[in-house]
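Engineer: The structure is given below, and queries will be raised subsequently.
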Amino acid sequence: MSQIESKQPKIYFCGSMRAGRGDADLYNKIMQKIDSCGAEVLTEFVGWSASKMADQNKHRGLQNDKDIHDQDVHLLQQADAIVAEVTQPSLGVGYELGRAQAMGKKILCLYRPQPEKQLSAMVRGAEDGDKFVVKDYAVNEIDDIITDFVSSQK
């Protein structure tokens with residue numbers, strides 16, 4: 001009897017970049033958890049500081065918005081699944097989610113409910129309970145949510 005090896009899933013992590021960086025530390029925590037569960041994070045740059053991002057973009061030959069767009073779409077195509085922290089509204093994250101959904105990717109959106117703020121109906125309304133899942137969460141629940149999601153990708 002042969003053993004079936006589980007492959008290391010490739011996860012594209014989405015988080016607000018230009019619309020606000022207040023959750024960058026949380027993005028790093030989520031990506032570290034994804035990594036510790038045995039998945040490859042394709043977009044570790046989402047957690048970088050603005051100065052590190054600028055240096056790395058220059059080093060990687062990303063000179064303008066088109067270069068960044070094309071790189072990110074290429075990474076989306078390589079991904080097995082998407083994890084998006086969607087509490088901070090971001091046009092870019094919404095765009096990435098739409099592209100990923102059109103590609104048939106499995107998507108997990110994480111939202112921290114906040115007074116007087118609601119998640120976009122275009123994200124919440126896309127939930128189908130299977131390929132597109134939206135989870136309201138508290139930060140102390142991240143480990144379990146990510147562990148379950150990554151395990152389901154193997």
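Just remember, in the structure tokens the first chain shown is A, the second B, etc., residues are 1-based per chain, and ligands are 1-based in the order shown.
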Neighbours of Val139 of chain A within 12 Å (only C-alpha atoms; same-chain residues fewer than 5 positions away dropped), as a list in words?
Structural biologist: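 Selected residues are Asp23, Asp25, Leu26, Tyr27, Lys29, Ile30, Glu85, Thr87, Leu110, Tyr111, Arg112, Pro113, Asp144, Ile145 and Ile146 of chain A.
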Engineer: Could you list, as number ranges by chain, every residue within 6 Å of Tyr12 of chain A, counting only C-alpha atoms and ignoring same-chain residues fewer than 6 positions away?
Structural biologist: A: 42-43, 79, 82
Engineer: Output N, CA, C and O atoms for every residue in the selection just made, as a PDB file, in the first residue's frame.
Structural biologist:
ATOM      1  N   LEU A  42       2.276  32.897   0.164  1.00  0.00           N
ATOM      2  CA  LEU A  42       2.837  33.478  -1.059  1.00  0.00           C
ATOM      3  C   LEU A  42       3.020  34.986  -0.967  1.00  0.00           C
ATOM      4  O   LEU A  42       3.744  35.559  -1.775  1.00  0.00           O
ATOM      5  N   THR A  43       2.387  35.614   0.000  1.00  0.00           N
ATOM      6  CA  THR A  43       2.338  37.082   0.051  1.00  0.00           C
ATOM      7  C   THR A  43       2.813  37.625   1.395  1.00  0.00           C
ATOM      8  O   THR A  43       2.156  38.480   1.994  1.00  0.00           O
ATOM      9  N   ALA A  79      -1.907  30.159  -6.187  1.00  0.00           N
ATOM     10  CA  ALA A  79      -2.445  29.816  -4.867  1.00  0.00           C
ATOM     11  C   ALA A  79      -3.453  28.679  -4.936  1.00  0.00           C
ATOM     12  O   ALA A  79      -4.236  28.568  -5.880  1.00  0.00           O
ATOM     13  N   ILE A  82      -7.161  31.184  -0.595  1.00  0.00           N
ATOM     14  CA  ILE A  82      -6.992  32.585  -0.211  1.00  0.00           C
ATOM     15  C   ILE A  82      -7.457  32.758   1.230  1.00  0.00           C
ATOM     16  O   ILE A  82      -8.511  32.252   1.609  1.00  0.00           O
TER      17      ILE A  82
END
Engineer: Just the residues within 8 Å of Ser90 of chain A, please, counting only C-alpha atoms, with nothing from its chain fewer than 5 positions along; format it as a ChimeraX atom specification.
Structural biologist: /A:15-19
Engineer: Write the residues you've just listed into a file as a compact mmCIF listing (two decimals), in the first residue's frame, and include N, CA and C atoms for each of them.
Structural biologist:
# COMPACT_ATOMS: atom_id res chain seq x y z
N GLY A 15 -4.56 41.52 2.73
CA GLY A 15 -4.82 42.50 3.78
C GLY A 15 -4.63 43.89 3.21
N SER A 16 -5.21 44.86 3.84
CA SER A 16 -5.14 46.23 3.36
C SER A 16 -3.68 46.71 3.27
N MET A 17 -3.35 47.29 2.14
CA MET A 17 -2.00 47.83 1.94
C MET A 17 -2.04 49.36 1.93
N ARG A 18 -2.70 49.94 0.98
CA ARG A 18 -2.71 51.40 0.84
C ARG A 18 -3.88 52.06 1.56
N ALA A 19 -4.90 51.29 1.91
CA ALA A 19 -6.09 51.85 2.56
C ALA A 19 -5.92 51.99 4.07
Engineer: How would you write, as number ranges by chain, the set of residues in segment 32-114 of chain A that DSSP gives as alpha helix (DSSP H)?
Structural biologist: A: 32-36, 50-59, 65-78, 91-102
Engineer: Report the distance between atom CA of Ala24 of chain A and atom CA of Pro9 of chain A in Å, rounded to one decimal place.
Structural biologist: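 Taking atom CA of Ala24 of chain A and atom CA of Pro9 of chain A, their separation equals 22.8 Å.
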Engineer: Give me the residues near Leu75 of chain A as a list of chain:residue names, where near means some atom within 12 Å (using only C-alpha atoms) and where sequence neighbours in that chain fewer than 3 positions away do not count.
Structural biologist: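 Listing them by chain and then by number gives A:Lys10, A:Ile11, A:Tyr12, A:Phe13, A:Cys14, A:Glu40, A:Val41, A:Leu42, A:Thr43, A:Glu44, A:Ile68, A:His69, A:Asp70, A:Gln71, A:Asp72, A:Gln78, A:Ala79, A:Asp80, A:Ala81, A:Ile82, A:Glu96, A:Arg99, A:Ala100.
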Engineer: I'd like to know which residues of chain A are strand (DSSP E or B) (by DSSP, run on the backbone); could you write them as a list of chain:residue names?
Structural biologist: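 Strand (DSSP E or B) members of chain A, listed: A:Lys10, A:Ile11, A:Tyr12, A:Phe13, A:Cys14, A:Glu40, A:Val41, A:Ala81, A:Ile82, A:Val83, A:Ala84, A:Glu85, A:Lys106, A:Ile107, A:Leu108, A:Cys109, A:Leu110, A:Tyr111, A:Gln114, A:Lys117, A:Phe132, A:Val133, A:Val134, A:Lys135, A:Asp136.
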Engineer: Generate a file of the selected residues that holds N, CA, C and O atoms, formatted as a compact mmCIF listing (two decimals), in the first residue's frame.
Structural biologist:
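The resulting file, selection-v5.txt, is reproduced below:
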# COMPACT_ATOMS: atom_id res chain seq x y z
N LYS A 10 -0.47 26.24 -0.91
CA LYS A 10 -0.01 27.61 -1.14
C LYS A 10 -1.16 28.55 -0.84
O LYS A 10 -2.22 28.45 -1.47
N ILE A 11 -0.94 29.44 0.11
CA ILE A 11 -1.98 30.37 0.55
C ILE A 11 -1.60 31.79 0.16
O ILE A 11 -0.52 32.27 0.47
N TYR A 12 -2.53 32.46 -0.52
CA TYR A 12 -2.40 33.87 -0.85
C TYR A 12 -3.11 34.63 0.26
O TYR A 12 -4.33 34.49 0.43
N PHE A 13 -2.36 35.40 1.05
CA PHE A 13 -2.96 36.19 2.12
C PHE A 13 -3.22 37.60 1.64
O PHE A 13 -2.33 38.23 1.05
N CYS A 14 -4.43 38.11 1.89
CA CYS A 14 -4.81 39.47 1.51
C CYS A 14 -5.03 40.31 2.77
O CYS A 14 -5.66 39.84 3.73
N GLU A 40 2.43 27.27 2.73
CA GLU A 40 3.33 28.31 2.23
C GLU A 40 2.54 29.59 2.01
O GLU A 40 1.53 29.58 1.29
N VAL A 41 2.98 30.68 2.61
CA VAL A 41 2.35 31.98 2.41
C VAL A 41 3.04 32.64 1.21
O VAL A 41 4.23 32.92 1.25
N ALA A 81 -5.45 28.42 -2.19
CA ALA A 81 -6.54 29.02 -1.42
C ALA A 81 -6.15 30.44 -1.02
O ALA A 81 -4.98 30.82 -1.08
N ILE A 82 -7.16 31.18 -0.59
CA ILE A 82 -6.99 32.58 -0.21
C ILE A 82 -7.46 32.76 1.23
O ILE A 82 -8.51 32.25 1.61
N VAL A 83 -6.68 33.49 2.02
CA VAL A 83 -7.12 33.96 3.33
C VAL A 83 -7.05 35.48 3.28
O VAL A 83 -5.99 36.03 2.95
N ALA A 84 -8.17 36.13 3.59
CA ALA A 84 -8.21 37.59 3.54
C ALA A 84 -8.72 38.13 4.86
O ALA A 84 -9.76 37.70 5.35
N GLU A 85 -7.97 39.07 5.45
CA GLU A 85 -8.44 39.80 6.62
C GLU A 85 -9.13 41.03 6.06
O GLU A 85 -8.49 41.86 5.43
N LYS A 106 -10.64 28.51 -3.27
CA LYS A 106 -11.29 28.45 -1.96
C LYS A 106 -10.86 29.71 -1.21
O LYS A 106 -9.67 30.05 -1.16
N ILE A 107 -11.82 30.40 -0.61
CA ILE A 107 -11.57 31.70 0.02
C ILE A 107 -12.11 31.71 1.44
O ILE A 107 -13.25 31.32 1.69
N LEU A 108 -11.27 32.18 2.37
CA LEU A 108 -11.68 32.43 3.75
C LEU A 108 -11.48 33.92 4.03
O LEU A 108 -10.37 34.43 3.95
N CYS A 109 -12.58 34.60 4.35
CA CYS A 109 -12.52 36.01 4.73
C CYS A 109 -12.73 36.10 6.24
O CYS A 109 -13.66 35.52 6.79
N LEU A 110 -11.85 36.86 6.88
CA LEU A 110 -11.89 37.05 8.33
C LEU A 110 -12.30 38.49 8.63
O LEU A 110 -11.68 39.43 8.14
N TYR A 111 -13.34 38.64 9.45
CA TYR A 111 -13.85 39.97 9.77
C TYR A 111 -14.07 40.10 11.27
O TYR A 111 -14.72 39.25 11.88
N GLN A 114 -17.25 45.35 14.39
CA GLN A 114 -16.96 46.59 15.09
C GLN A 114 -18.22 47.45 15.13
O GLN A 114 -18.99 47.43 14.16
N LYS A 117 -19.76 49.70 12.07
CA LYS A 117 -19.13 49.32 10.80
C LYS A 117 -19.69 47.98 10.38
O LYS A 117 -19.89 47.09 11.20
N PHE A 132 -16.47 29.95 -0.68
CA PHE A 132 -16.32 31.32 -0.19
C PHE A 132 -16.93 31.39 1.20
O PHE A 132 -18.15 31.30 1.36
N VAL A 133 -16.07 31.51 2.22
CA VAL A 133 -16.51 31.49 3.61
C VAL A 133 -16.12 32.81 4.28
O VAL A 133 -14.99 33.28 4.12
N VAL A 134 -17.05 33.38 5.01
CA VAL A 134 -16.80 34.59 5.79
C VAL A 134 -16.96 34.22 7.26
O VAL A 134 -17.99 33.67 7.65
N LYS A 135 -15.94 34.53 8.07
CA LYS A 135 -15.99 34.25 9.50
C LYS A 135 -15.84 35.54 10.28
O LYS A 135 -14.85 36.25 10.13
N ASP A 136 -16.82 35.84 11.10
CA ASP A 136 -16.67 36.90 12.10
C ASP A 136 -15.83 36.27 13.22
O ASP A 136 -16.06 35.13 13.59
Engineer: Quick one: residues within 10 Å of Asp143 of chain A, only C-alpha atoms, excluding same-chain residues fewer than 4 positions away - as a ChimeraX atom specification?
Structural biologist: /A:29-30,32-34,36-37,139,147-148
Engineer: Expressed in Å to a single decimal, how great is the separation between atom CA of His59 of chain A and atom CA of Gln88 of chain A?
Structural biologist: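 Between atom CA of His59 of chain A and atom CA of Gln88 of chain A the gap works out to 28.1 Å.
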Engineer: Between atom CA of Glu141 of chain A and atom CA of Asp35 of chain A, what distance in Å does the model show, to one decimal?
Structural biologist: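 Interatomic distance, atom CA of Glu141 of chain A to atom CA of Asp35 of chain A: 16.6 Å.
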Engineer: I'd like the contact shell of Ala121 of chain A - 12 Å cut-off, only C-alpha atoms, skipping same-chain residues fewer than 4 positions apart - returned as an MDAnalysis selection string.
Structural biologist: chainID A and resid 89 94 117 125:127 134
Engineer: How would the residues just picked look written out with N, CA, C and O atoms as a PDB file, in the first residue's frame?
Structural biologist:
ATOM      1  N   PRO A  89     -11.449  48.139   5.326  1.00  0.00           N
ATOM      2  CA  PRO A  89     -11.910  48.171   3.936  1.00  0.00           C
ATOM      3  C   PRO A  89     -10.754  48.493   2.980  1.00  0.00           C
ATOM      4  O   PRO A  89      -9.925  49.351   3.256  1.00  0.00           O
ATOM      5  N   GLY A  94     -10.729  43.718  -2.162  1.00  0.00           N
ATOM      6  CA  GLY A  94     -11.966  43.381  -2.866  1.00  0.00           C
ATOM      7  C   GLY A  94     -11.700  42.898  -4.282  1.00  0.00           C
ATOM      8  O   GLY A  94     -12.295  41.924  -4.751  1.00  0.00           O
ATOM      9  N   LYS A 117     -19.760  49.700  12.074  1.00  0.00           N
ATOM     10  CA  LYS A 117     -19.125  49.318  10.804  1.00  0.00           C
ATOM     11  C   LYS A 117     -19.690  47.977  10.375  1.00  0.00           C
ATOM     12  O   LYS A 117     -19.893  47.092  11.201  1.00  0.00           O
ATOM     13  N   GLY A 125     -22.160  38.867   1.105  1.00  0.00           N
ATOM     14  CA  GLY A 125     -23.153  38.237   0.236  1.00  0.00           C
ATOM     15  C   GLY A 125     -22.590  37.170  -0.685  1.00  0.00           C
ATOM     16  O   GLY A 125     -23.335  36.368  -1.249  1.00  0.00           O
ATOM     17  N   ALA A 126     -21.277  37.125  -0.843  1.00  0.00           N
ATOM     18  CA  ALA A 126     -20.653  36.102  -1.704  1.00  0.00           C
ATOM     19  C   ALA A 126     -20.507  34.769  -0.989  1.00  0.00           C
ATOM     20  O   ALA A 126     -20.228  33.748  -1.626  1.00  0.00           O
ATOM     21  N   GLU A 127     -20.698  34.772   0.324  1.00  0.00           N
ATOM     22  CA  GLU A 127     -20.504  33.538   1.103  1.00  0.00           C
ATOM     23  C   GLU A 127     -21.451  32.450   0.610  1.00  0.00           C
ATOM     24  O   GLU A 127     -22.648  32.672   0.446  1.00  0.00           O
ATOM     25  N   VAL A 134     -17.053  33.378   5.013  1.00  0.00           N
ATOM     26  CA  VAL A 134     -16.802  34.589   5.794  1.00  0.00           C
ATOM     27  C   VAL A 134     -16.964  34.224   7.258  1.00  0.00           C
ATOM     28  O   VAL A 134     -17.985  33.670   7.654  1.00  0.00           O
TER      29      VAL A 134
END
